[in-house]
Structures are given as structure tokens and as C-alpha cells.
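Written below as C-alpha cells is the structure these notes are about.
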Amino acid sequence: MPHHTARPPEGDAEPSRGAIAIIDPDAQLVEVAVTGRWDHPTWAQARSLLSECLDEQPVSILLDLGRLDDPHAQSAVLWFTTAREARRLRPPVRMAACLPEDSALAVHMRRLAARQPLAIHPDMRQARTVLTTRRPLTDEICMTLQPRLHAATEAREAVGTACRRWDLHELYPRAALVASELVANAVQHAGTAITLTITRLPTRRRPPYHRHPQLRVTVQDRRPDLPRVLVPSAVAPFECGLGLRVVDAAAEAWGAFPTRTGKLVWAMLRVRPK
């Protein structure tokens, strides 16, 4: 199964070159910052990261291009292509870009925006305000768990409630397993308060086309270390991190993003054809 992990920033400093994504779970907004000179490696990294963001299907994506060196506006194609894909999702993912008004990239993008809508703002605060003003309605259950052994059981019970409420009984075994593993990992490795969110998403029009609603499970804690899948060895067959292999097998996709207070791990599940 595919899984994606955003590259975290080192400390509070922005990378000299490349792309990072930081998620704001409260606003369901992902900030993608692309910095340095625009070239093929930067394009490849930004394209991959934006694809991961669309897979996670947040409410909004904000492009921070204020530190991108692109005097020939070559990156514009990627931003507008991604915005077009975001609009095709159901529900659509709102997208905006922030960059200096007098830059060559901004001038070129404003010309393109007349035919291909993409909101462009000179100020990050203004862009965030616009993106978070209106949020589409979704079916969602959110709860706070304490870092104790019983938390995984509470997570399974919450998934059971969600699946019964939304008539997604077929997803319950896998969704309960995923939620249990993610919460157990957070209890063991983070030891902080945990926010569990279960969201029902409608069918989507971005390939692959899903005829059935999808279920997204997210687990947020306050430790910044992103999870990684470990391969079992003869020396340490029960080494920590192997639970993610279970998540990888049970979910259609999963990944992790840094937040401003820790991290968020997500998994997407849907009914599989028999």
C-alpha cells in the first residue's frame, strides 16, 4: 500500500531549498512552503508533496512562495495544475498562493488566473483568513484521548460508533485496527494528549474514482518526530514501529505531516471490491 510522509523542517528554520508541508489540524489547512531556486529537483519534490497533500484531502492548501526564486515563472504550471486537481475532488479542496506582488511569478500567475482560477495573495495572514472563512460540511467525530493503555480501546469504540452512524459496517474491522495502532503508537512514543478524528468523505472525482464514501482516521499528538516503518530483524523482531506495517496493509494510503505543536498521522480507508 502507498504511504507518504512529509519532510519535516529542522527546528524553526526554513530549508534553504526544497519543499515542506505543515498541517494546521484545527483549520484543516496545509501550508506548503517552497523555497530556493526553481529547478528540476525542486519541481519533483514540490510535485510529490502536493500529490501527498491532495491524497490527505484537507479542506484547504496554502502555497507559500515568498522565498521561491523563479524569475522566469516556470513553476506556474505546477501550481495551476494542482489547483485544477484540487477543484475536481469531492468535496473540492480550496487552494491559494502567497507571494510578493511585484515578483515575475506573481505577474505571470495573475495573467493565468484570469482563465484558471487560483487565488493569489501578498500576505500569508490574509490568505489564511480567506481560506478558513468558509469550510464545507463534513461528517466528523473528534475526541481527545489521554496517553494511557485504554486509549486504543476508546479509539476502536469511536470507530464503531462512526461506522454504525454512517452505515460503513464493511470498513469497521480495518478502520478499528488502524485507529487502534495509530493511537497505541502515540501513547507509546509521544506520551501526550491525543486528538483522534474520524471523517467520512464523499465520493471523489480525482483518479482513482471511488464510488463509495471514504473514511479518514487522523491521530494528532504533541511530539514532532514523524513515524517510520521498520523492517523486522532477527536481533529485534518486536522492535517499535512495526505496528505501522499493519496500518500500511489495512489502509489504502497513510502518511504524516508536522504541525506547529507536534505531528498528525492520517490513514484513508474505503470499501474494497470483493
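For the C-alpha cells, the naming scheme is as follows: chains receive sequential letters (A, B, ...) according to their order of presentation, residues are indexed from 1 within each chain, and ligands are indexed from 1 in presentation order.
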
Requested in this report: Could you please write out, as a PyMOL selection string, every residue of stretch 33-272 of chain A that DSSP assigns to strand (DSSP E)?
Outcome: chain A and resi 33-37+60-64+68-69+94-98+119-121+139-145+194-201+214-221+253-258+263-270

Residue contacts of stretch 68-81 of chain A (12 Å, only C-alpha atoms) excluding same-chain residues fewer than 6 positions away, as a PDB file with N, CA, C and O atoms, in the first residue's frame:
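Okay, this is what ended up in part_34.pdb:
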```
ATOM      1  N   GLU A  14      13.495  27.674   7.947  1.00  0.00           N
ATOM      2  CA  GLU A  14      13.036  27.192   6.663  1.00  0.00           C
ATOM      3  C   GLU A  14      14.211  26.566   5.923  1.00  0.00           C
ATOM      4  O   GLU A  14      15.356  26.971   6.100  1.00  0.00           O
ATOM      5  N   PRO A  15      13.986  25.542   5.097  1.00  0.00           N
ATOM      6  CA  PRO A  15      15.077  24.962   4.350  1.00  0.00           C
ATOM      7  C   PRO A  15      15.582  25.956   3.324  1.00  0.00           C
ATOM      8  O   PRO A  15      14.837  26.787   2.810  1.00  0.00           O
ATOM      9  N   SER A  16      16.899  25.915   2.995  1.00  0.00           N
ATOM     10  CA  SER A  16      17.464  26.824   2.017  1.00  0.00           C
ATOM     11  C   SER A  16      16.930  26.518   0.626  1.00  0.00           C
ATOM     12  O   SER A  16      16.948  27.365  -0.254  1.00  0.00           O
ATOM     13  N   ARG A  17      16.461  25.297   0.415  1.00  0.00           N
ATOM     14  CA  ARG A  17      15.951  24.908  -0.883  1.00  0.00           C
ATOM     15  C   ARG A  17      15.102  23.660  -0.728  1.00  0.00           C
ATOM     16  O   ARG A  17      15.476  22.714  -0.048  1.00  0.00           O
ATOM     17  N   GLY A  18      13.939  23.649  -1.377  1.00  0.00           N
ATOM     18  CA  GLY A  18      13.090  22.468  -1.317  1.00  0.00           C
ATOM     19  C   GLY A  18      11.676  22.816  -0.930  1.00  0.00           C
ATOM     20  O   GLY A  18      11.249  23.970  -0.996  1.00  0.00           O
ATOM     21  N   ALA A  19      10.923  21.799  -0.503  1.00  0.00           N
ATOM     22  CA  ALA A  19       9.511  21.976  -0.161  1.00  0.00           C
ATOM     23  C   ALA A  19       9.200  21.250   1.133  1.00  0.00           C
ATOM     24  O   ALA A  19       9.684  20.137   1.361  1.00  0.00           O
ATOM     25  N   VAL A  32       2.119  24.704   2.358  1.00  0.00           N
ATOM     26  CA  VAL A  32       3.227  24.133   1.606  1.00  0.00           C
ATOM     27  C   VAL A  32       4.173  25.268   1.242  1.00  0.00           C
ATOM     28  O   VAL A  32       3.809  26.174   0.487  1.00  0.00           O
ATOM     29  N   ALA A  33       5.380  25.246   1.801  1.00  0.00           N
ATOM     30  CA  ALA A  33       6.374  26.285   1.539  1.00  0.00           C
ATOM     31  C   ALA A  33       7.424  25.736   0.577  1.00  0.00           C
ATOM     32  O   ALA A  33       8.019  24.689   0.831  1.00  0.00           O
ATOM     33  N   VAL A  34       7.645  26.440  -0.512  1.00  0.00           N
ATOM     34  CA  VAL A  34       8.661  26.067  -1.500  1.00  0.00           C
ATOM     35  C   VAL A  34       9.690  27.191  -1.541  1.00  0.00           C
ATOM     36  O   VAL A  34       9.338  28.351  -1.781  1.00  0.00           O
ATOM     37  N   THR A  35      10.942  26.856  -1.294  1.00  0.00           N
ATOM     38  CA  THR A  35      11.980  27.871  -1.177  1.00  0.00           C
ATOM     39  C   THR A  35      13.177  27.537  -2.053  1.00  0.00           C
ATOM     40  O   THR A  35      13.377  26.396  -2.456  1.00  0.00           O
ATOM     41  N   GLY A  36      13.980  28.567  -2.343  1.00  0.00           N
ATOM     42  CA  GLY A  36      15.209  28.385  -3.108  1.00  0.00           C
ATOM     43  C   GLY A  36      14.982  28.501  -4.605  1.00  0.00           C
ATOM     44  O   GLY A  36      13.921  28.906  -5.076  1.00  0.00           O
ATOM     45  N   ARG A  37      16.008  28.125  -5.365  1.00  0.00           N
ATOM     46  CA  ARG A  37      15.947  28.250  -6.818  1.00  0.00           C
ATOM     47  C   ARG A  37      15.059  27.161  -7.411  1.00  0.00           C
ATOM     48  O   ARG A  37      15.116  26.009  -7.038  1.00  0.00           O
ATOM     49  N   TRP A  38      14.226  27.552  -8.380  1.00  0.00           N
ATOM     50  CA  TRP A  38      13.342  26.594  -9.032  1.00  0.00           C
ATOM     51  C   TRP A  38      14.116  25.828 -10.102  1.00  0.00           C
ATOM     52  O   TRP A  38      14.620  26.382 -11.051  1.00  0.00           O
ATOM     53  N   ASP A  39      14.241  24.519  -9.901  1.00  0.00           N
ATOM     54  CA  ASP A  39      14.906  23.653 -10.863  1.00  0.00           C
ATOM     55  C   ASP A  39      14.210  22.299 -10.843  1.00  0.00           C
ATOM     56  O   ASP A  39      13.182  22.126 -10.170  1.00  0.00           O
ATOM     57  N   HIS A  40      14.747  21.345 -11.573  1.00  0.00           N
ATOM     58  CA  HIS A  40      14.058  20.056 -11.678  1.00  0.00           C
ATOM     59  C   HIS A  40      13.931  19.333 -10.331  1.00  0.00           C
ATOM     60  O   HIS A  40      12.841  18.812 -10.022  1.00  0.00           O
ATOM     61  N   THR A  42      13.711  20.607  -7.342  1.00  0.00           N
ATOM     62  CA  THR A  42      12.695  21.304  -6.555  1.00  0.00           C
ATOM     63  C   THR A  42      11.306  21.020  -7.115  1.00  0.00           C
ATOM     64  O   THR A  42      10.339  20.817  -6.374  1.00  0.00           O
ATOM     65  N   TRP A  43      11.181  21.017  -8.452  1.00  0.00           N
ATOM     66  CA  TRP A  43       9.899  20.680  -9.084  1.00  0.00           C
ATOM     67  C   TRP A  43       9.444  19.284  -8.667  1.00  0.00           C
ATOM     68  O   TRP A  43       8.278  19.076  -8.304  1.00  0.00           O
ATOM     69  N   ALA A  44      10.351  18.309  -8.707  1.00  0.00           N
ATOM     70  CA  ALA A  44       9.987  16.934  -8.372  1.00  0.00           C
ATOM     71  C   ALA A  44       9.534  16.827  -6.917  1.00  0.00           C
ATOM     72  O   ALA A  44       8.553  16.145  -6.608  1.00  0.00           O
ATOM     73  N   GLN A  45      10.250  17.506  -6.018  1.00  0.00           N
ATOM     74  CA  GLN A  45       9.891  17.434  -4.608  1.00  0.00           C
ATOM     75  C   GLN A  45       8.555  18.121  -4.353  1.00  0.00           C
ATOM     76  O   GLN A  45       7.702  17.594  -3.629  1.00  0.00           O
ATOM     77  N   ALA A  46       8.345  19.301  -4.959  1.00  0.00           N
ATOM     78  CA  ALA A  46       7.090  20.024  -4.759  1.00  0.00           C
ATOM     79  C   ALA A  46       5.914  19.248  -5.352  1.00  0.00           C
ATOM     80  O   ALA A  46       4.839  19.165  -4.748  1.00  0.00           O
ATOM     81  N   ARG A  47       6.111  18.663  -6.523  1.00  0.00           N
ATOM     82  CA  ARG A  47       5.039  17.901  -7.168  1.00  0.00           C
ATOM     83  C   ARG A  47       4.642  16.696  -6.321  1.00  0.00           C
ATOM     84  O   ARG A  47       3.456  16.410  -6.128  1.00  0.00           O
ATOM     85  N   SER A  48       5.634  15.977  -5.788  1.00  0.00           N
ATOM     86  CA  SER A  48       5.349  14.812  -4.955  1.00  0.00           C
ATOM     87  C   SER A  48       4.633  15.221  -3.675  1.00  0.00           C
ATOM     88  O   SER A  48       3.667  14.572  -3.249  1.00  0.00           O
ATOM     89  N   LEU A  49       5.086  16.308  -3.065  1.00  0.00           N
ATOM     90  CA  LEU A  49       4.497  16.749  -1.812  1.00  0.00           C
ATOM     91  C   LEU A  49       3.056  17.214  -2.005  1.00  0.00           C
ATOM     92  O   LEU A  49       2.169  16.908  -1.200  1.00  0.00           O
ATOM     93  N   LEU A  50       2.791  17.925  -3.085  1.00  0.00           N
ATOM     94  CA  LEU A  50       1.421  18.372  -3.348  1.00  0.00           C
ATOM     95  C   LEU A  50       0.495  17.196  -3.632  1.00  0.00           C
ATOM     96  O   LEU A  50      -0.677  17.207  -3.240  1.00  0.00           O
ATOM     97  N   SER A  51       1.012  16.172  -4.296  1.00  0.00           N
ATOM     98  CA  SER A  51       0.216  14.974  -4.529  1.00  0.00           C
ATOM     99  C   SER A  51      -0.147  14.305  -3.212  1.00  0.00           C
ATOM    100  O   SER A  51      -1.283  13.845  -3.013  1.00  0.00           O
ATOM    101  N   ILE A  61      -5.397  24.176   0.925  1.00  0.00           N
ATOM    102  CA  ILE A  61      -3.947  24.150   0.764  1.00  0.00           C
ATOM    103  C   ILE A  61      -3.487  25.568   0.475  1.00  0.00           C
ATOM    104  O   ILE A  61      -4.021  26.235  -0.411  1.00  0.00           O
ATOM    105  N   LEU A  62      -2.493  26.034   1.234  1.00  0.00           N
ATOM    106  CA  LEU A  62      -1.935  27.367   1.043  1.00  0.00           C
ATOM    107  C   LEU A  62      -0.492  27.244   0.588  1.00  0.00           C
ATOM    108  O   LEU A  62       0.347  26.685   1.298  1.00  0.00           O
ATOM    109  N   ARG A  87      -9.769  21.261  -7.310  1.00  0.00           N
ATOM    110  CA  ARG A  87     -11.170  21.611  -7.545  1.00  0.00           C
ATOM    111  C   ARG A  87     -11.991  20.411  -7.977  1.00  0.00           C
ATOM    112  O   ARG A  87     -13.209  20.383  -7.789  1.00  0.00           O
ATOM    113  N   ARG A  88     -11.353  19.399  -8.555  1.00  0.00           N
ATOM    114  CA  ARG A  88     -12.079  18.225  -9.031  1.00  0.00           C
ATOM    115  C   ARG A  88     -12.412  17.240  -7.913  1.00  0.00           C
ATOM    116  O   ARG A  88     -13.224  16.336  -8.113  1.00  0.00           O
ATOM    117  N   MET A  95      -7.682  26.236  -2.586  1.00  0.00           N
ATOM    118  CA  MET A  95      -6.249  26.438  -2.731  1.00  0.00           C
ATOM    119  C   MET A  95      -5.968  27.900  -3.021  1.00  0.00           C
ATOM    120  O   MET A  95      -6.725  28.577  -3.733  1.00  0.00           O
ATOM    121  N   ALA A  96      -4.880  28.420  -2.453  1.00  0.00           N
ATOM    122  CA  ALA A  96      -4.452  29.792  -2.695  1.00  0.00           C
ATOM    123  C   ALA A  96      -2.935  29.833  -2.638  1.00  0.00           C
ATOM    124  O   ALA A  96      -2.287  28.928  -2.103  1.00  0.00           O
ATOM    125  N   ALA A  97      -2.372  30.910  -3.215  1.00  0.00           N
ATOM    126  CA  ALA A  97      -0.924  31.096  -3.224  1.00  0.00           C
ATOM    127  C   ALA A  97      -0.587  32.446  -2.615  1.00  0.00           C
ATOM    128  O   ALA A  97      -1.352  33.412  -2.746  1.00  0.00           O
ATOM    129  N   CYS A  98       0.553  32.507  -1.941  1.00  0.00           N
ATOM    130  CA  CYS A  98       1.018  33.753  -1.340  1.00  0.00           C
ATOM    131  C   CYS A  98       2.425  34.039  -1.858  1.00  0.00           C
ATOM    132  O   CYS A  98       3.321  33.202  -1.721  1.00  0.00           O
ATOM    133  N   LEU A  99       2.619  35.220  -2.458  1.00  0.00           N
ATOM    134  CA  LEU A  99       3.928  35.618  -2.974  1.00  0.00           C
ATOM    135  C   LEU A  99       3.932  37.118  -3.207  1.00  0.00           C
ATOM    136  O   LEU A  99       2.871  37.742  -3.329  1.00  0.00           O
ATOM    137  N   PRO A 100       5.120  37.741  -3.265  1.00  0.00           N
ATOM    138  CA  PRO A 100       5.200  39.199  -3.427  1.00  0.00           C
ATOM    139  C   PRO A 100       4.509  39.663  -4.703  1.00  0.00           C
ATOM    140  O   PRO A 100       4.644  39.050  -5.760  1.00  0.00           O
ATOM    141  N   ASP A 102       5.095  42.141  -6.675  1.00  0.00           N
ATOM    142  CA  ASP A 102       5.922  42.645  -7.769  1.00  0.00           C
ATOM    143  C   ASP A 102       6.849  41.593  -8.370  1.00  0.00           C
ATOM    144  O   ASP A 102       7.648  41.902  -9.247  1.00  0.00           O
ATOM    145  N   SER A 103       6.751  40.336  -7.931  1.00  0.00           N
ATOM    146  CA  SER A 103       7.622  39.302  -8.486  1.00  0.00           C
ATOM    147  C   SER A 103       7.155  38.899  -9.875  1.00  0.00           C
ATOM    148  O   SER A 103       5.975  39.003 -10.213  1.00  0.00           O
ATOM    149  N   ALA A 104       8.100  38.414 -10.695  1.00  0.00           N
ATOM    150  CA  ALA A 104       7.753  37.965 -12.047  1.00  0.00           C
ATOM    151  C   ALA A 104       6.761  36.817 -12.002  1.00  0.00           C
ATOM    152  O   ALA A 104       5.859  36.724 -12.853  1.00  0.00           O
ATOM    153  N   LEU A 105       6.902  35.957 -11.009  1.00  0.00           N
ATOM    154  CA  LEU A 105       5.985  34.830 -10.885  1.00  0.00           C
ATOM    155  C   LEU A 105       4.564  35.319 -10.599  1.00  0.00           C
ATOM    156  O   LEU A 105       3.596  34.824 -11.176  1.00  0.00           O
ATOM    157  N   ALA A 106       4.439  36.308  -9.689  1.00  0.00           N
ATOM    158  CA  ALA A 106       3.111  36.825  -9.357  1.00  0.00           C
ATOM    159  C   ALA A 106       2.452  37.478 -10.565  1.00  0.00           C
ATOM    160  O   ALA A 106       1.254  37.280 -10.815  1.00  0.00           O
ATOM    161  N   VAL A 107       3.218  38.242 -11.326  1.00  0.00           N
ATOM    162  CA  VAL A 107       2.674  38.902 -12.512  1.00  0.00           C
ATOM    163  C   VAL A 107       2.170  37.870 -13.511  1.00  0.00           C
ATOM    164  O   VAL A 107       1.066  37.985 -14.064  1.00  0.00           O
ATOM    165  N   HIS A 108       2.967  36.824 -13.732  1.00  0.00           N
ATOM    166  CA  HIS A 108       2.580  35.783 -14.681  1.00  0.00           C
ATOM    167  C   HIS A 108       1.364  35.013 -14.186  1.00  0.00           C
ATOM    168  O   HIS A 108       0.438  34.712 -14.969  1.00  0.00           O
ATOM    169  N   MET A 109       1.323  34.711 -12.894  1.00  0.00           N
ATOM    170  CA  MET A 109       0.214  33.938 -12.344  1.00  0.00           C
ATOM    171  C   MET A 109      -1.081  34.730 -12.355  1.00  0.00           C
ATOM    172  O   MET A 109      -2.158  34.164 -12.551  1.00  0.00           O
ATOM    173  N   ARG A 110      -1.014  36.041 -12.157  1.00  0.00           N
ATOM    174  CA  ARG A 110      -2.231  36.839 -12.219  1.00  0.00           C
ATOM    175  C   ARG A 110      -2.821  36.833 -13.629  1.00  0.00           C
ATOM    176  O   ARG A 110      -4.039  36.843 -13.806  1.00  0.00           O
ATOM    177  N   ARG A 111      -1.962  36.809 -14.651  1.00  0.00           N
ATOM    178  CA  ARG A 111      -2.458  36.721 -16.021  1.00  0.00           C
ATOM    179  C   ARG A 111      -3.148  35.373 -16.252  1.00  0.00           C
ATOM    180  O   ARG A 111      -4.211  35.294 -16.856  1.00  0.00           O
ATOM    181  N   LEU A 112      -2.523  34.297 -15.763  1.00  0.00           N
ATOM    182  CA  LEU A 112      -3.119  32.973 -15.934  1.00  0.00           C
ATOM    183  C   LEU A 112      -4.397  32.812 -15.126  1.00  0.00           C
ATOM    184  O   LEU A 112      -5.307  32.084 -15.517  1.00  0.00           O
ATOM    185  N   ALA A 113      -4.464  33.479 -13.979  1.00  0.00           N
ATOM    186  CA  ALA A 113      -5.613  33.333 -13.090  1.00  0.00           C
ATOM    187  C   ALA A 113      -6.898  33.845 -13.719  1.00  0.00           C
ATOM    188  O   ALA A 113      -7.996  33.494 -13.267  1.00  0.00           O
ATOM    189  N   ALA A 114      -6.776  34.670 -14.748  1.00  0.00           N
ATOM    190  CA  ALA A 114      -7.974  35.153 -15.430  1.00  0.00           C
ATOM    191  C   ALA A 114      -8.706  34.010 -16.118  1.00  0.00           C
ATOM    192  O   ALA A 114      -9.922  34.047 -16.287  1.00  0.00           O
ATOM    193  N   ARG A 115      -7.948  32.961 -16.528  1.00  0.00           N
ATOM    194  CA  ARG A 115      -8.557  31.817 -17.214  1.00  0.00           C
ATOM    195  C   ARG A 115      -8.617  30.568 -16.319  1.00  0.00           C
ATOM    196  O   ARG A 115      -9.458  29.707 -16.522  1.00  0.00           O
ATOM    197  N   GLN A 116      -7.701  30.471 -15.360  1.00  0.00           N
ATOM    198  CA  GLN A 116      -7.633  29.306 -14.482  1.00  0.00           C
ATOM    199  C   GLN A 116      -7.630  29.801 -13.038  1.00  0.00           C
ATOM    200  O   GLN A 116      -6.578  30.190 -12.534  1.00  0.00           O
ATOM    201  N   PRO A 117      -8.782  29.821 -12.387  1.00  0.00           N
ATOM    202  CA  PRO A 117      -8.884  30.439 -11.063  1.00  0.00           C
ATOM    203  C   PRO A 117      -7.908  29.861 -10.044  1.00  0.00           C
ATOM    204  O   PRO A 117      -7.845  28.650  -9.829  1.00  0.00           O
ATOM    205  N   LEU A 118      -7.125  30.740  -9.443  1.00  0.00           N
ATOM    206  CA  LEU A 118      -6.268  30.418  -8.309  1.00  0.00           C
ATOM    207  C   LEU A 118      -6.062  31.715  -7.544  1.00  0.00           C
ATOM    208  O   LEU A 118      -5.473  32.663  -8.082  1.00  0.00           O
ATOM    209  N   ALA A 119      -6.543  31.773  -6.317  1.00  0.00           N
ATOM    210  CA  ALA A 119      -6.423  32.991  -5.521  1.00  0.00           C
ATOM    211  C   ALA A 119      -4.961  33.277  -5.206  1.00  0.00           C
ATOM    212  O   ALA A 119      -4.216  32.383  -4.806  1.00  0.00           O
ATOM    213  N   ILE A 120      -4.545  34.529  -5.393  1.00  0.00           N
ATOM    214  CA  ILE A 120      -3.171  34.947  -5.150  1.00  0.00           C
ATOM    215  C   ILE A 120      -3.193  36.095  -4.150  1.00  0.00           C
ATOM    216  O   ILE A 120      -3.902  37.091  -4.355  1.00  0.00           O
TER     217      ILE A 120
END
```

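For the choices A:Arg128, A:Arg245, A:Arg216, A:Arg260, the atom-to-atom distance to A:Gln57 is smallest for A:Arg216 when using only C-alpha atoms.
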
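Here the question is which of A:Leu196, A:Leu65, A:Gln220, A:Asp26 gets nearest to A:His121 using only C-alpha atoms, and that residue is A:Leu65.
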
Query raised in the report: What is the distance, in Å and to one decimal place, between atom CA of A:Val187 and atom CA of A:Thr259?
Result: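 Atom-to-atom, atom CA of A:Val187 to atom CA of A:Thr259, that is 17.7 Å.
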
Query raised in the report: Please, what distance in Å, to one decimal, runs between atom CA of A:Pro25 and atom CA of A:Pro224?
Result: 14.1 Å

**Report entry** Backbone-only DSSP, helix (DSSP H, G or I) members of stretch 16-104 of chain A, as an MDAnalysis selection string
**Finding:** chainID A and resid 40:56 76:88 104

Write a file of the selected residues as a tab-separated table (two decimals), in the first residue's frame, keeping N, CA, C and O atoms.
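Dumped to result.tsv:
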```tsv
chain	number	residue	atom	x	y	z
A	40	HIS	N	14.75	21.35	-11.57
A	40	HIS	CA	14.06	20.06	-11.68
A	40	HIS	C	13.93	19.33	-10.33
A	40	HIS	O	12.84	18.81	-10.02
A	41	PRO	N	14.99	19.26	-9.49
A	41	PRO	CA	14.81	18.60	-8.19
A	41	PRO	C	13.75	19.27	-7.32
A	41	PRO	O	12.97	18.58	-6.66
A	42	THR	N	13.71	20.61	-7.34
A	42	THR	CA	12.69	21.30	-6.56
A	42	THR	C	11.31	21.02	-7.11
A	42	THR	O	10.34	20.82	-6.37
A	43	TRP	N	11.18	21.02	-8.45
A	43	TRP	CA	9.90	20.68	-9.08
A	43	TRP	C	9.44	19.28	-8.67
A	43	TRP	O	8.28	19.08	-8.30
A	44	ALA	N	10.35	18.31	-8.71
A	44	ALA	CA	9.99	16.93	-8.37
A	44	ALA	C	9.53	16.83	-6.92
A	44	ALA	O	8.55	16.14	-6.61
A	45	GLN	N	10.25	17.51	-6.02
A	45	GLN	CA	9.89	17.43	-4.61
A	45	GLN	C	8.55	18.12	-4.35
A	45	GLN	O	7.70	17.59	-3.63
A	46	ALA	N	8.35	19.30	-4.96
A	46	ALA	CA	7.09	20.02	-4.76
A	46	ALA	C	5.91	19.25	-5.35
A	46	ALA	O	4.84	19.16	-4.75
A	47	ARG	N	6.11	18.66	-6.52
A	47	ARG	CA	5.04	17.90	-7.17
A	47	ARG	C	4.64	16.70	-6.32
A	47	ARG	O	3.46	16.41	-6.13
A	48	SER	N	5.63	15.98	-5.79
A	48	SER	CA	5.35	14.81	-4.95
A	48	SER	C	4.63	15.22	-3.68
A	48	SER	O	3.67	14.57	-3.25
A	49	LEU	N	5.09	16.31	-3.06
A	49	LEU	CA	4.50	16.75	-1.81
A	49	LEU	C	3.06	17.21	-2.01
A	49	LEU	O	2.17	16.91	-1.20
A	50	LEU	N	2.79	17.92	-3.08
A	50	LEU	CA	1.42	18.37	-3.35
A	50	LEU	C	0.50	17.20	-3.63
A	50	LEU	O	-0.68	17.21	-3.24
A	51	SER	N	1.01	16.17	-4.30
A	51	SER	CA	0.22	14.97	-4.53
A	51	SER	C	-0.15	14.31	-3.21
A	51	SER	O	-1.28	13.85	-3.01
A	52	GLU	N	0.81	14.27	-2.27
A	52	GLU	CA	0.53	13.71	-0.95
A	52	GLU	C	-0.54	14.53	-0.24
A	52	GLU	O	-1.41	13.97	0.43
A	53	CYS	N	-0.45	15.85	-0.36
A	53	CYS	CA	-1.44	16.71	0.29
A	53	CYS	C	-2.84	16.45	-0.26
A	53	CYS	O	-3.81	16.37	0.50
A	54	LEU	N	-2.97	16.29	-1.57
A	54	LEU	CA	-4.28	16.01	-2.16
A	54	LEU	C	-4.79	14.64	-1.73
A	54	LEU	O	-6.01	14.46	-1.53
A	55	ASP	N	-3.90	13.67	-1.56
A	55	ASP	CA	-4.32	12.36	-1.07
A	55	ASP	C	-4.92	12.46	0.33
A	55	ASP	O	-5.87	11.75	0.66
A	56	GLU	N	-4.36	13.33	1.15
A	56	GLU	CA	-4.86	13.52	2.51
A	56	GLU	C	-6.19	14.25	2.50
A	56	GLU	O	-6.97	14.15	3.44
A	76	ALA	N	4.76	28.09	-12.46
A	76	ALA	CA	3.33	28.41	-12.51
A	76	ALA	C	2.49	27.22	-12.99
A	76	ALA	O	1.38	27.00	-12.52
A	77	VAL	N	3.01	26.45	-13.94
A	77	VAL	CA	2.26	25.31	-14.48
A	77	VAL	C	1.90	24.34	-13.37
A	77	VAL	O	0.77	23.83	-13.30
A	78	LEU	N	2.84	24.06	-12.47
A	78	LEU	CA	2.57	23.11	-11.38
A	78	LEU	C	1.49	23.65	-10.45
A	78	LEU	O	0.59	22.90	-10.04
A	79	TRP	N	1.55	24.92	-10.11
A	79	TRP	CA	0.56	25.47	-9.15
A	79	TRP	C	-0.85	25.42	-9.74
A	79	TRP	O	-1.79	25.05	-9.05
A	80	PHE	N	-0.99	25.78	-11.02
A	80	PHE	CA	-2.32	25.79	-11.62
A	80	PHE	C	-2.82	24.37	-11.89
A	80	PHE	O	-4.02	24.09	-11.78
A	81	THR	N	-1.92	23.47	-12.24
A	81	THR	CA	-2.33	22.08	-12.44
A	81	THR	C	-2.84	21.48	-11.13
A	81	THR	O	-3.87	20.79	-11.10
A	82	THR	N	-2.13	21.75	-10.04
A	82	THR	CA	-2.56	21.24	-8.74
A	82	THR	C	-3.88	21.86	-8.32
A	82	THR	O	-4.76	21.17	-7.78
A	83	ALA	N	-4.05	23.16	-8.57
A	83	ALA	CA	-5.30	23.82	-8.22
A	83	ALA	C	-6.47	23.21	-8.99
A	83	ALA	O	-7.58	23.05	-8.45
A	84	ARG	N	-6.23	22.86	-10.25
A	84	ARG	CA	-7.29	22.23	-11.06
A	84	ARG	C	-7.65	20.86	-10.49
A	84	ARG	O	-8.84	20.51	-10.40
A	85	GLU	N	-6.66	20.08	-10.09
A	85	GLU	CA	-6.93	18.77	-9.48
A	85	GLU	C	-7.67	18.94	-8.16
A	85	GLU	O	-8.56	18.14	-7.83
A	86	ALA	N	-7.31	19.95	-7.39
A	86	ALA	CA	-7.95	20.18	-6.09
A	86	ALA	C	-9.43	20.51	-6.26
A	86	ALA	O	-10.27	20.08	-5.47
A	87	ARG	N	-9.77	21.26	-7.31
A	87	ARG	CA	-11.17	21.61	-7.54
A	87	ARG	C	-11.99	20.41	-7.98
A	87	ARG	O	-13.21	20.38	-7.79
A	88	ARG	N	-11.35	19.40	-8.55
A	88	ARG	CA	-12.08	18.23	-9.03
A	88	ARG	C	-12.41	17.24	-7.91
A	88	ARG	O	-13.22	16.34	-8.11
A	104	ALA	N	8.10	38.41	-10.69
A	104	ALA	CA	7.75	37.96	-12.05
A	104	ALA	C	6.76	36.82	-12.00
A	104	ALA	O	5.86	36.72	-12.85
```

Requested in this report: Would you mind telling me which residue in A:Glu181, A:Glu31, A:Glu154, A:Glu140 lies nearest to A:Trp166 when using only C-alpha atoms?
Outcome: A:Glu140

Query raised in the report: Hey, which of A:Leu149, A:Leu171, A:Ala179, A:Ala253 ends up closest to A:Pro273? Count only C-alpha atoms.
Result: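 Result for the nearest residue to A:Pro273: A:Leu171.
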
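Computed from the coordinates, the atom CA of A:Pro91 to atom CA of A:Ala256 distance equals 21.3 Å.
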
Exercise: A:Arg222 partners within 12 Å, only C-alpha atoms, chain neighbours under 2 positions left out, as a short mmCIF file (atom, residue, chain, number, x, y, z; two decimals) with C-alpha atoms, in the first residue's frame:
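The resulting around_1.cif:
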```cif
data_model
loop_
_atom_site.label_atom_id
_atom_site.label_comp_id
_atom_site.auth_asym_id
_atom_site.auth_seq_id
_atom_site.Cartn_x
_atom_site.Cartn_y
_atom_site.Cartn_z
CA GLN A 146 -5.21 10.62 27.32
CA PRO A 147 -1.92 8.67 26.90
CA ALA A 186 1.04 7.82 20.03
CA VAL A 187 0.63 6.54 23.58
CA HIS A 189 6.13 7.16 21.62
CA ALA A 190 4.59 10.57 22.32
CA GLY A 191 3.05 10.23 25.77
CA THR A 192 1.00 13.41 25.28
CA ALA A 193 -2.68 14.18 24.86
CA ILE A 194 -4.00 12.66 21.63
CA THR A 195 -6.65 14.00 19.27
CA VAL A 219 -4.27 10.96 15.14
CA GLN A 220 -2.57 14.10 16.40
CA PRO A 224 7.30 16.27 16.37
CA ASP A 225 9.08 13.03 15.39
CA LEU A 226 7.42 11.59 12.28
CA PRO A 258 4.33 18.02 11.04
CA THR A 259 2.09 20.51 12.82
CA ARG A 260 3.11 23.63 14.71
CA THR A 261 2.67 21.75 18.00
CA GLY A 262 3.69 18.19 17.06
CA LYS A 263 2.52 15.92 14.26
CA LEU A 264 -0.56 14.44 12.63
CA VAL A 265 -0.73 10.89 11.22
#
```

Query raised in the report: From the list A:Pro122, A:Ala27, A:Arg200, A:Gly66, which residue is nearest A:Arg164 when using only C-alpha atoms?
Result: A:Arg200
